[in-house]
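Chemist: Structure: my_file-v5.csv, CSV, C-alpha atoms and all ligand atoms.
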chain,number,residue,atom,x,y,z
A,4,LEU,CA,-9.7,24.0,-19.4
A,5,LEU,CA,-8.8,21.2,-16.9
A,6,ARG,CA,-12.4,20.4,-16.5
A,7,VAL,CA,-12.9,20.0,-20.3
A,8,PHE,CA,-9.7,17.9,-20.4
A,9,VAL,CA,-10.9,15.5,-17.7
A,10,PHE,CA,-14.4,15.1,-19.0
A,11,THR,CA,-13.1,14.5,-22.5
A,12,LEU,CA,-10.9,11.6,-21.3
A,13,LEU,CA,-13.6,10.0,-19.1
A,14,PRO,CA,-16.0,7.3,-20.5
A,15,PHE,CA,-19.5,8.6,-20.7
A,16,ALA,CA,-20.8,6.5,-17.7
A,17,GLU,CA,-18.1,7.9,-15.4
A,18,TYR,CA,-18.9,11.4,-16.7
A,19,LEU,CA,-22.5,10.8,-15.5
A,20,ASP,CA,-21.3,9.4,-12.2
A,21,LEU,CA,-19.2,12.5,-11.6
A,22,LEU,CA,-22.1,14.8,-12.4
A,23,PHE,CA,-24.7,12.9,-10.4
A,24,LEU,CA,-22.5,11.5,-7.6
A,25,HIS,CA,-23.0,7.8,-8.4
A,26,VAL,CA,-26.8,8.0,-8.6
A,27,SER,CA,-28.2,4.9,-10.2
A,28,CYS,CA,-31.4,4.4,-12.1
A,29,ALA,CA,-32.6,0.8,-12.4
A,30,ASP,CA,-35.4,-1.6,-12.7
A,31,LEU,CA,-35.1,-3.4,-9.4
A,32,ASN,CA,-37.8,-6.0,-9.9
A,33,GLY,CA,-36.6,-9.3,-8.5
A,34,LYS,CA,-33.9,-7.5,-6.5
A,35,VAL,CA,-33.5,-6.4,-2.8
A,36,PHE,CA,-31.5,-3.9,-1.0
A,37,LEU,CA,-29.5,-5.9,1.6
A,38,PHE,CA,-28.5,-3.8,4.6
A,39,PRO,CA,-25.8,-5.9,6.3
A,40,LYS,CA,-25.8,-4.4,9.8
A,41,GLN,CA,-27.1,-1.6,11.9
A,42,SER,CA,-25.0,1.5,11.4
A,43,THR,CA,-25.1,5.2,10.7
A,44,THR,CA,-23.3,4.8,7.4
A,45,ASP,CA,-25.4,2.2,5.4
A,46,TYR,CA,-28.5,3.6,3.7
A,47,VAL,CA,-30.1,4.4,0.4
A,48,THR,CA,-31.4,7.8,-0.7
A,49,VAL,CA,-34.3,7.7,-3.2
A,50,ILE,CA,-34.8,10.5,-5.6
A,51,PRO,CA,-38.1,11.4,-7.4
A,52,SER,CA,-37.8,12.7,-10.9
A,53,GLN,CA,-39.8,15.7,-9.8
A,54,SER,CA,-39.8,17.3,-6.3
A,55,GLN,CA,-43.3,18.3,-5.3
A,56,PRO,CA,-45.2,19.3,-2.1
A,57,LEU,CA,-47.2,16.4,-0.9
A,58,SER,CA,-50.7,16.6,0.5
A,59,ARG,CA,-51.5,13.0,-0.2
A,60,VAL,CA,-49.0,10.2,0.1
A,61,SER,CA,-49.0,6.4,-0.2
A,62,VAL,CA,-45.8,4.4,0.4
A,63,CYS,CA,-45.5,0.6,0.2
A,64,LEU,CA,-42.6,-1.8,0.6
A,65,ARG,CA,-41.6,-5.2,1.7
A,66,TYR,CA,-39.0,-5.9,4.4
A,67,TYR,CA,-37.5,-9.0,6.0
A,68,SER,CA,-35.6,-8.3,9.2
A,69,PRO,CA,-35.0,-9.9,12.6
A,70,LEU,CA,-35.1,-6.4,14.2
A,71,PHE,CA,-37.7,-4.0,15.5
A,72,TYR,CA,-37.3,-0.3,16.4
A,73,ILE,CA,-36.1,0.3,12.8
A,74,SER,CA,-36.6,3.0,10.3
A,75,LEU,CA,-37.9,1.7,7.0
A,76,PHE,CA,-38.6,4.9,5.2
A,77,SER,CA,-37.8,8.4,6.4
A,78,LEU,CA,-38.8,11.6,4.7
A,79,ALA,CA,-37.4,14.8,6.2
A,80,THR,CA,-37.9,18.4,5.3
A,81,LYS,CA,-35.9,21.5,6.4
A,82,ASN,CA,-38.1,22.0,9.5
A,83,GLN,CA,-39.5,18.5,10.1
A,84,HIS,CA,-37.2,15.5,10.3
A,85,ASN,CA,-40.3,13.3,10.8
A,86,ALA,CA,-42.3,14.6,7.9
A,87,PHE,CA,-43.3,11.1,6.9
A,88,LEU,CA,-41.8,8.1,8.7
A,89,MET,CA,-42.6,4.4,8.8
A,90,TYR,CA,-41.2,2.7,11.8
A,91,PRO,CA,-41.9,-0.9,13.1
A,92,TYR,CA,-41.4,-0.2,16.8
A,93,SER,CA,-42.0,-3.6,18.3
A,94,GLU,CA,-43.8,-6.9,17.5
A,95,THR,CA,-47.1,-5.3,18.3
A,96,TRP,CA,-46.7,-1.6,17.7
A,97,PHE,CA,-46.0,0.2,14.4
A,98,TYR,CA,-45.1,3.9,14.7
A,99,PHE,CA,-46.0,6.3,11.9
A,100,TYR,CA,-45.3,10.0,11.7
A,101,VAL,CA,-46.7,12.6,9.4
A,102,GLY,CA,-45.9,16.3,9.7
A,103,HIS,CA,-43.9,15.4,12.9
A,104,GLN,CA,-47.0,14.0,14.6
A,105,GLU,CA,-46.5,10.6,16.1
A,106,LEU,CA,-49.1,7.8,15.8
A,107,CYS,CA,-48.7,4.5,17.5
A,108,ILE,CA,-50.7,1.8,15.8
A,109,ARG,CA,-51.4,-1.5,17.5
A,110,VAL,CA,-50.7,-4.4,15.1
A,111,ASP,CA,-50.7,-8.2,15.0
A,112,LYS,CA,-47.5,-10.1,15.7
A,113,GLU,CA,-46.4,-11.2,12.2
A,114,PRO,CA,-44.5,-14.3,11.3
A,115,PHE,CA,-40.7,-13.9,10.9
A,116,GLU,CA,-41.1,-13.5,7.1
A,117,TRP,CA,-41.2,-11.0,4.4
A,118,ASN,CA,-43.8,-8.3,5.5
A,119,HIS,CA,-45.6,-6.1,3.1
A,120,VAL,CA,-46.4,-2.6,4.5
A,121,CYS,CA,-48.4,0.3,3.0
A,122,SER,CA,-49.0,3.6,4.7
A,123,THR,CA,-51.3,6.3,3.3
A,124,TRP,CA,-52.2,9.8,4.4
A,125,ASN,CA,-54.7,12.2,3.0
A,126,SER,CA,-54.4,15.9,4.0
A,127,ASP,CA,-58.0,16.6,3.1
A,128,THR,CA,-59.3,14.5,5.9
A,129,GLY,CA,-56.1,13.7,7.8
A,130,VAL,CA,-57.0,10.0,7.6
A,131,ILE,CA,-54.1,7.6,7.9
A,132,GLN,CA,-54.2,4.0,6.8
A,133,LEU,CA,-51.7,1.3,7.8
A,134,TRP,CA,-51.8,-2.0,5.9
A,135,ILE,CA,-49.6,-4.9,6.8
A,136,ASN,CA,-49.7,-8.1,4.7
A,137,GLY,CA,-53.1,-7.1,3.3
A,138,LYS,CA,-54.8,-6.2,6.6
A,139,LEU,CA,-56.0,-2.7,7.3
A,140,TYR,CA,-55.6,-1.6,11.0
A,141,PRO,CA,-57.9,0.9,12.6
A,142,ARG,CA,-57.5,4.2,10.9
A,143,LEU,CA,-56.2,7.3,12.7
A,144,VAL,CA,-56.3,11.0,11.8
A,145,ALA,CA,-53.5,13.5,11.8
A,146,GLN,CA,-52.3,16.7,10.2
A,147,LYS,CA,-55.5,17.6,8.4
A,148,GLY,CA,-54.8,20.5,6.0
A,149,PHE,CA,-51.0,20.1,6.2
A,150,THR,CA,-48.8,19.8,3.1
A,151,ILE,CA,-45.3,18.3,3.2
A,152,PRO,CA,-43.2,21.0,1.6
A,153,VAL,CA,-40.1,20.8,-0.6
A,154,PRO,CA,-37.2,20.2,-0.5
A,155,GLN,CA,-37.5,16.6,0.8
A,156,SER,CA,-34.9,14.1,1.8
A,157,MET,CA,-36.1,10.5,1.3
A,158,ILE,CA,-34.0,7.7,2.8
A,159,LEU,CA,-34.4,3.9,3.2
A,160,GLY,CA,-32.8,2.3,6.2
A,161,GLN,CA,-32.0,5.3,8.4
A,162,GLU,CA,-34.1,7.6,10.7
A,163,GLN,CA,-33.3,11.2,9.9
A,164,ASP,CA,-33.1,13.7,12.8
A,165,SER,CA,-32.1,16.4,10.5
A,166,CYS,CA,-32.7,16.8,6.8
A,167,GLY,CA,-30.3,14.2,5.3
A,168,GLY,CA,-28.6,13.3,8.5
A,169,GLY,CA,-28.8,12.9,12.3
A,170,PHE,CA,-28.7,9.1,12.1
A,171,VAL,CA,-28.7,6.8,15.2
A,172,ALA,CA,-27.4,3.3,14.6
A,173,GLN,CA,-29.9,1.7,17.0
A,174,GLU,CA,-32.8,3.1,14.8
A,175,SER,CA,-31.3,2.0,11.5
A,176,PHE,CA,-32.5,-0.9,9.4
A,177,ALA,CA,-30.6,-4.2,8.9
A,178,GLY,CA,-32.1,-6.9,6.7
A,179,GLU,CA,-33.7,-7.0,3.3
A,180,MET,CA,-36.0,-4.5,1.6
A,181,THR,CA,-37.8,-4.7,-1.8
A,182,ASP,CA,-40.8,-3.5,-3.8
A,183,PHE,CA,-40.6,0.1,-2.6
A,184,HIS,CA,-43.1,2.4,-4.2
A,185,MET,CA,-44.4,5.9,-3.5
A,186,TRP,CA,-47.5,7.8,-4.9
A,187,ASN,CA,-48.8,11.3,-4.5
A,188,TYR,CA,-52.3,10.0,-4.0
A,189,VAL,CA,-54.1,7.6,-1.7
A,190,LEU,CA,-54.3,4.1,-3.1
A,191,SER,CA,-57.7,2.7,-3.5
A,192,LEU,CA,-58.6,-0.8,-2.0
A,193,GLU,CA,-58.2,-2.3,-5.5
A,194,GLN,CA,-54.8,-0.6,-6.0
A,195,ILE,CA,-53.5,-1.8,-2.6
A,196,HIS,CA,-54.4,-5.3,-3.6
A,197,ARG,CA,-52.6,-4.9,-6.9
A,198,VAL,CA,-49.5,-3.4,-5.2
A,199,PHE,CA,-49.5,-6.5,-2.9
A,200,GLN,CA,-49.3,-8.6,-6.1
A,201,ASN,CA,-46.6,-6.3,-7.6
A,202,GLN,CA,-49.0,-5.1,-10.3
A,203,HIS,CA,-49.3,-1.4,-9.5
A,204,VAL,CA,-46.2,0.8,-9.4
A,205,GLY,CA,-45.5,4.1,-7.8
A,206,ASN,CA,-45.9,7.4,-9.7
A,207,VAL,CA,-43.5,9.4,-7.5
A,208,LEU,CA,-41.0,6.5,-6.9
A,209,SER,CA,-41.2,3.1,-8.4
A,210,TRP,CA,-39.2,-0.1,-7.8
A,211,SER,CA,-39.4,-0.6,-11.6
A,212,SER,CA,-37.4,2.5,-12.4
A,213,LEU,CA,-35.8,3.7,-9.2
A,214,THR,CA,-33.4,6.5,-9.0
A,215,PHE,CA,-31.3,6.0,-6.0
A,216,GLN,CA,-27.9,6.4,-4.4
A,217,ILE,CA,-26.3,3.7,-2.1
A,218,TYR,CA,-24.2,4.8,0.8
A,219,GLY,CA,-22.0,2.5,2.8
A,220,ALA,CA,-22.2,-1.3,2.6
A,221,VAL,CA,-25.8,-1.8,1.2
A,222,LEU,CA,-25.9,-4.4,-1.5
A,223,VAL,CA,-28.3,-5.0,-4.4
A,224,GLN,CA,-29.0,-8.8,-4.4
A,225,PRO,CA,-31.5,-11.1,-6.1
A,226,LYS,CA,-34.6,-11.6,-4.1
A,227,ILE,CA,-34.8,-15.2,-2.9
A,228,GLN,CA,-37.9,-16.5,-1.3
A,229,CYS,CA,-37.0,-19.8,0.3
A,230,HIS,CA,-38.5,-22.4,2.6
A,231,PHE,CA,-37.0,-25.8,2.9
A,232,GLN,CA,-39.5,-28.1,4.5
A,233,GLY,CA,-39.7,-31.8,5.4
A,234,VAL,CA,-39.3,-34.2,2.6
A,235,GLU,CA,-38.4,-31.6,0.1
A,236,TYR,CA,-35.5,-30.6,2.2
A,237,LEU,CA,-34.3,-34.1,2.7
A,238,GLY,CA,-34.9,-35.2,-0.9
A,239,SER,CA,-33.7,-32.3,-2.9
A,240,HIS,CA,-32.6,-28.7,-2.6
A,241,SER,CA,-34.2,-27.8,-5.9
A,242,GLY,CA,-37.9,-27.0,-6.4
A,243,ALA,CA,-38.6,-25.7,-2.9
A,244,CYS,CA,-36.7,-22.5,-3.4
A,245,SER,CA,-37.4,-19.8,-5.9
A,246,GLN,CA,-36.2,-16.4,-6.8
A,247,ILE,CA,-39.3,-14.1,-7.2
B,1,CA,CA,-36.4,11.7,13.2
Please express the file's structure as structure tokens.
Ligand SMILES: [Ca+2]
Modeler:
Amino acid sequence: LLRVFVFTLLPFAEYLDLLFLHVSCADLNGKVFLFPKQSTTDYVTVIPSQSQPLSRVSVCLRYYSPLFYISLFSLATKNQHNAFLMYPYSETWFYFYVGHQELCIRVDKEPFEWNHVCSTWNSDTGVIQLWINGKLYPRLVAQKGFTIPVPQSMILGQEQDSCGGGFVAQESFAGEMTDFHMWNYVLSLEQIHRVFQNQHVGNVLSWSSLTFQIYGAVLVQPKIQCHFQGVEYLGSHSGACSQI
């Protein structure tokens, strides 16, 4: 009776919040998640509309951070906390895990800027692709024949050492993240190119209609791409700075 009474009084939105624990669904185009500091409390869970075992995966996102040794995207299952993990380890090494197998990929030192990263894995062959800012690094092979089972816990900004937890502040993300997408297939070359131009959205998780839950102090902010240079900077603050 109490439950009926409370739900009757609540506005519909709060009723949904209670039911779904403040889960949001939004078109985040032109927005970023801003992670203000390294912590064990600030992160975003992302929730696919349908949970499914994964034998092919593509994940792409953009990030802008002064840090390395940071977890961008962590997918954990009951038995494997590193079922799928994207982890810029240093300026010249990118760590990638699938099915708890670690792969260390040598990469270029990128400018201190927004970086666009795509990782793909195909269980049929085990082939892994890492693309950074439109460049494919030498492919590696891991976990041929493996399938990532359900249930899956998917988190932006923390590295899971158990399903949904086991966070370490030194491995967490601080900075900005945007354009996160996930597919249950391996992107073609043409599709990777279109993702880079924000013209191809994920079929498992899409930045255009993302279901997510924010924990801690993560903010949703407008994406601002901004360079003030030379005369433009001295002459005017307008025109050199755009929100994209
Ligand atoms: Ca882990």
Chemist: Considering all atoms listed in the file, give me a table of residues in chain A that are at most 8 Å from ligand CA 1 (chain B), with the closest atom pair and distance in Å for each, as CSV.
Modeler:
residue,atom,partner,partner_atom,distance
A:Ser77,CA,B:CA1,CA,7.7
A:Ala79,CA,B:CA1,CA,7.7
A:His84,CA,B:CA1,CA,4.8
A:Asn85,CA,B:CA1,CA,4.9
A:Leu88,CA,B:CA1,CA,7.9
A:Glu162,CA,B:CA1,CA,5.3
A:Gln163,CA,B:CA1,CA,4.6
A:Asp164,CA,B:CA1,CA,3.9
A:Ser165,CA,B:CA1,CA,6.9
A:Gly169,CA,B:CA1,CA,7.7
Chemist: Measure the distance from atom CA of A:Ser61 to atom CA of A:His103 in Å and round it to one decimal.
Modeler: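 Between atom CA of A:Ser61 and atom CA of A:His103 the gap works out to 16.7 Å.
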Chemist: Around (-29.9, 7.5, -7.4), as given in the file, which residues come within 9 Å? Count only C-alpha atoms and list them as a PyMOL selection string.
Modeler: chain A and resi 23-29+47-50+213-217
Chemist: Would you mind telling me which residue in A:Leu78, A:Ile73, A:Val198, A:Val62 lies nearest to A:Gly168 when using all atoms listed in the file?
Modeler: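 Among A:Leu78, A:Ile73, A:Val198, A:Val62, it is A:Leu78 that comes nearest to A:Gly168.
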Chemist: What's the 9 Å shell around A:Thr43, counting all atoms listed in the file, without same-chain residues fewer than 6 positions away, as a ChimeraX atom specification?
Modeler: /A:161,169-175,219
Chemist: Rank A:Gln132, A:Gln202, A:Ser156, A:Ser211 by their smallest atom-to-atom distance to A:Phe183, using only C-alpha atoms, and report the top residue only.
Modeler: A:Ser211
Chemist: Figure out the distance between atom CA of A:Pro114 and atom CA of A:Phe87, please, to one decimal in Å.
Modeler: 25.8 Å
Chemist: Find the distance between atom CA of A:Asn118 and atom CA of A:Tyr90 and write it in Å to one decimal.
Modeler: 12.9 Å
Chemist: Counting all atoms listed in the file, which of A:Pro69, A:Gly33, A:Gly102, A:Gly178 gets nearest to A:Trp210?
Modeler: A:Gly33
Chemist: For A:Leu70, work out the shell of residues within 10 Å, counting all atoms listed in the file and skipping chain neighbours fewer than 6 positions away, then give it as JSON, numbers by chain.
Modeler: {"A": [41, 91, 92, 93, 94, 115, 174, 175, 176, 177, 178]}
Chemist: Give me the residues near A:Ile195 as a PyMOL selection string, where near means some atom within 8 Å (using all atoms listed in the file) and where sequence neighbours in that chain fewer than 5 positions away do not count.
Modeler: chain A and resi 121+137+190
Chemist: My structure is short of atoms at stretch 199-216 of chain A; please model N, CA and C atoms there, returning them as a compact mmCIF listing (two decimals), in the coordinates of the input.
Modeler:
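After the write, out_26.txt holds the following:
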# COMPACT_ATOMS: atom_id res chain seq x y z
N PHE A 199 -49.88 -5.28 -3.65
CA PHE A 199 -49.50 -6.50 -2.90
C PHE A 199 -49.04 -7.59 -3.89
N GLN A 200 -49.64 -7.58 -5.10
CA GLN A 200 -49.30 -8.60 -6.10
C GLN A 200 -48.24 -8.05 -7.10
N ASN A 201 -47.61 -6.92 -6.76
CA ASN A 201 -46.60 -6.30 -7.60
C ASN A 201 -47.16 -5.94 -9.01
N GLN A 202 -48.42 -5.47 -9.04
CA GLN A 202 -49.00 -5.10 -10.30
C GLN A 202 -49.40 -3.65 -10.42
N HIS A 203 -48.97 -2.86 -9.46
CA HIS A 203 -49.30 -1.40 -9.50
C HIS A 203 -48.03 -0.68 -8.97
N VAL A 204 -47.44 0.17 -9.79
CA VAL A 204 -46.20 0.80 -9.40
C VAL A 204 -46.38 2.26 -9.04
N GLY A 205 -45.44 2.78 -8.26
CA GLY A 205 -45.50 4.10 -7.80
C GLY A 205 -45.39 5.17 -8.88
N ASN A 206 -46.04 6.34 -8.69
CA ASN A 206 -45.90 7.40 -9.70
C ASN A 206 -44.93 8.50 -9.21
N VAL A 207 -44.52 8.46 -7.94
CA VAL A 207 -43.50 9.40 -7.50
C VAL A 207 -42.14 8.62 -7.44
N LEU A 208 -42.15 7.42 -6.89
CA LEU A 208 -41.00 6.50 -6.90
C LEU A 208 -41.45 5.13 -7.17
N SER A 209 -40.75 4.45 -8.05
CA SER A 209 -41.20 3.10 -8.40
C SER A 209 -39.97 2.14 -8.40
N TRP A 210 -40.19 0.97 -7.84
CA TRP A 210 -39.20 -0.10 -7.80
C TRP A 210 -38.78 -0.49 -9.22
N SER A 211 -39.66 -0.26 -10.17
CA SER A 211 -39.40 -0.60 -11.60
C SER A 211 -38.48 0.31 -12.29
N SER A 212 -38.33 1.51 -11.77
CA SER A 212 -37.40 2.50 -12.40
C SER A 212 -36.96 3.44 -11.29
N LEU A 213 -36.20 2.90 -10.36
CA LEU A 213 -35.80 3.70 -9.20
C LEU A 213 -34.55 4.45 -9.38
N THR A 214 -34.60 5.73 -9.06
CA THR A 214 -33.40 6.50 -9.00
C THR A 214 -32.92 6.60 -7.58
N PHE A 215 -31.71 6.12 -7.34
CA PHE A 215 -31.30 6.00 -6.00
C PHE A 215 -29.75 6.12 -5.86
N GLN A 216 -29.29 6.32 -4.64
CA GLN A 216 -27.90 6.40 -4.40
C GLN A 216 -27.57 5.54 -3.13
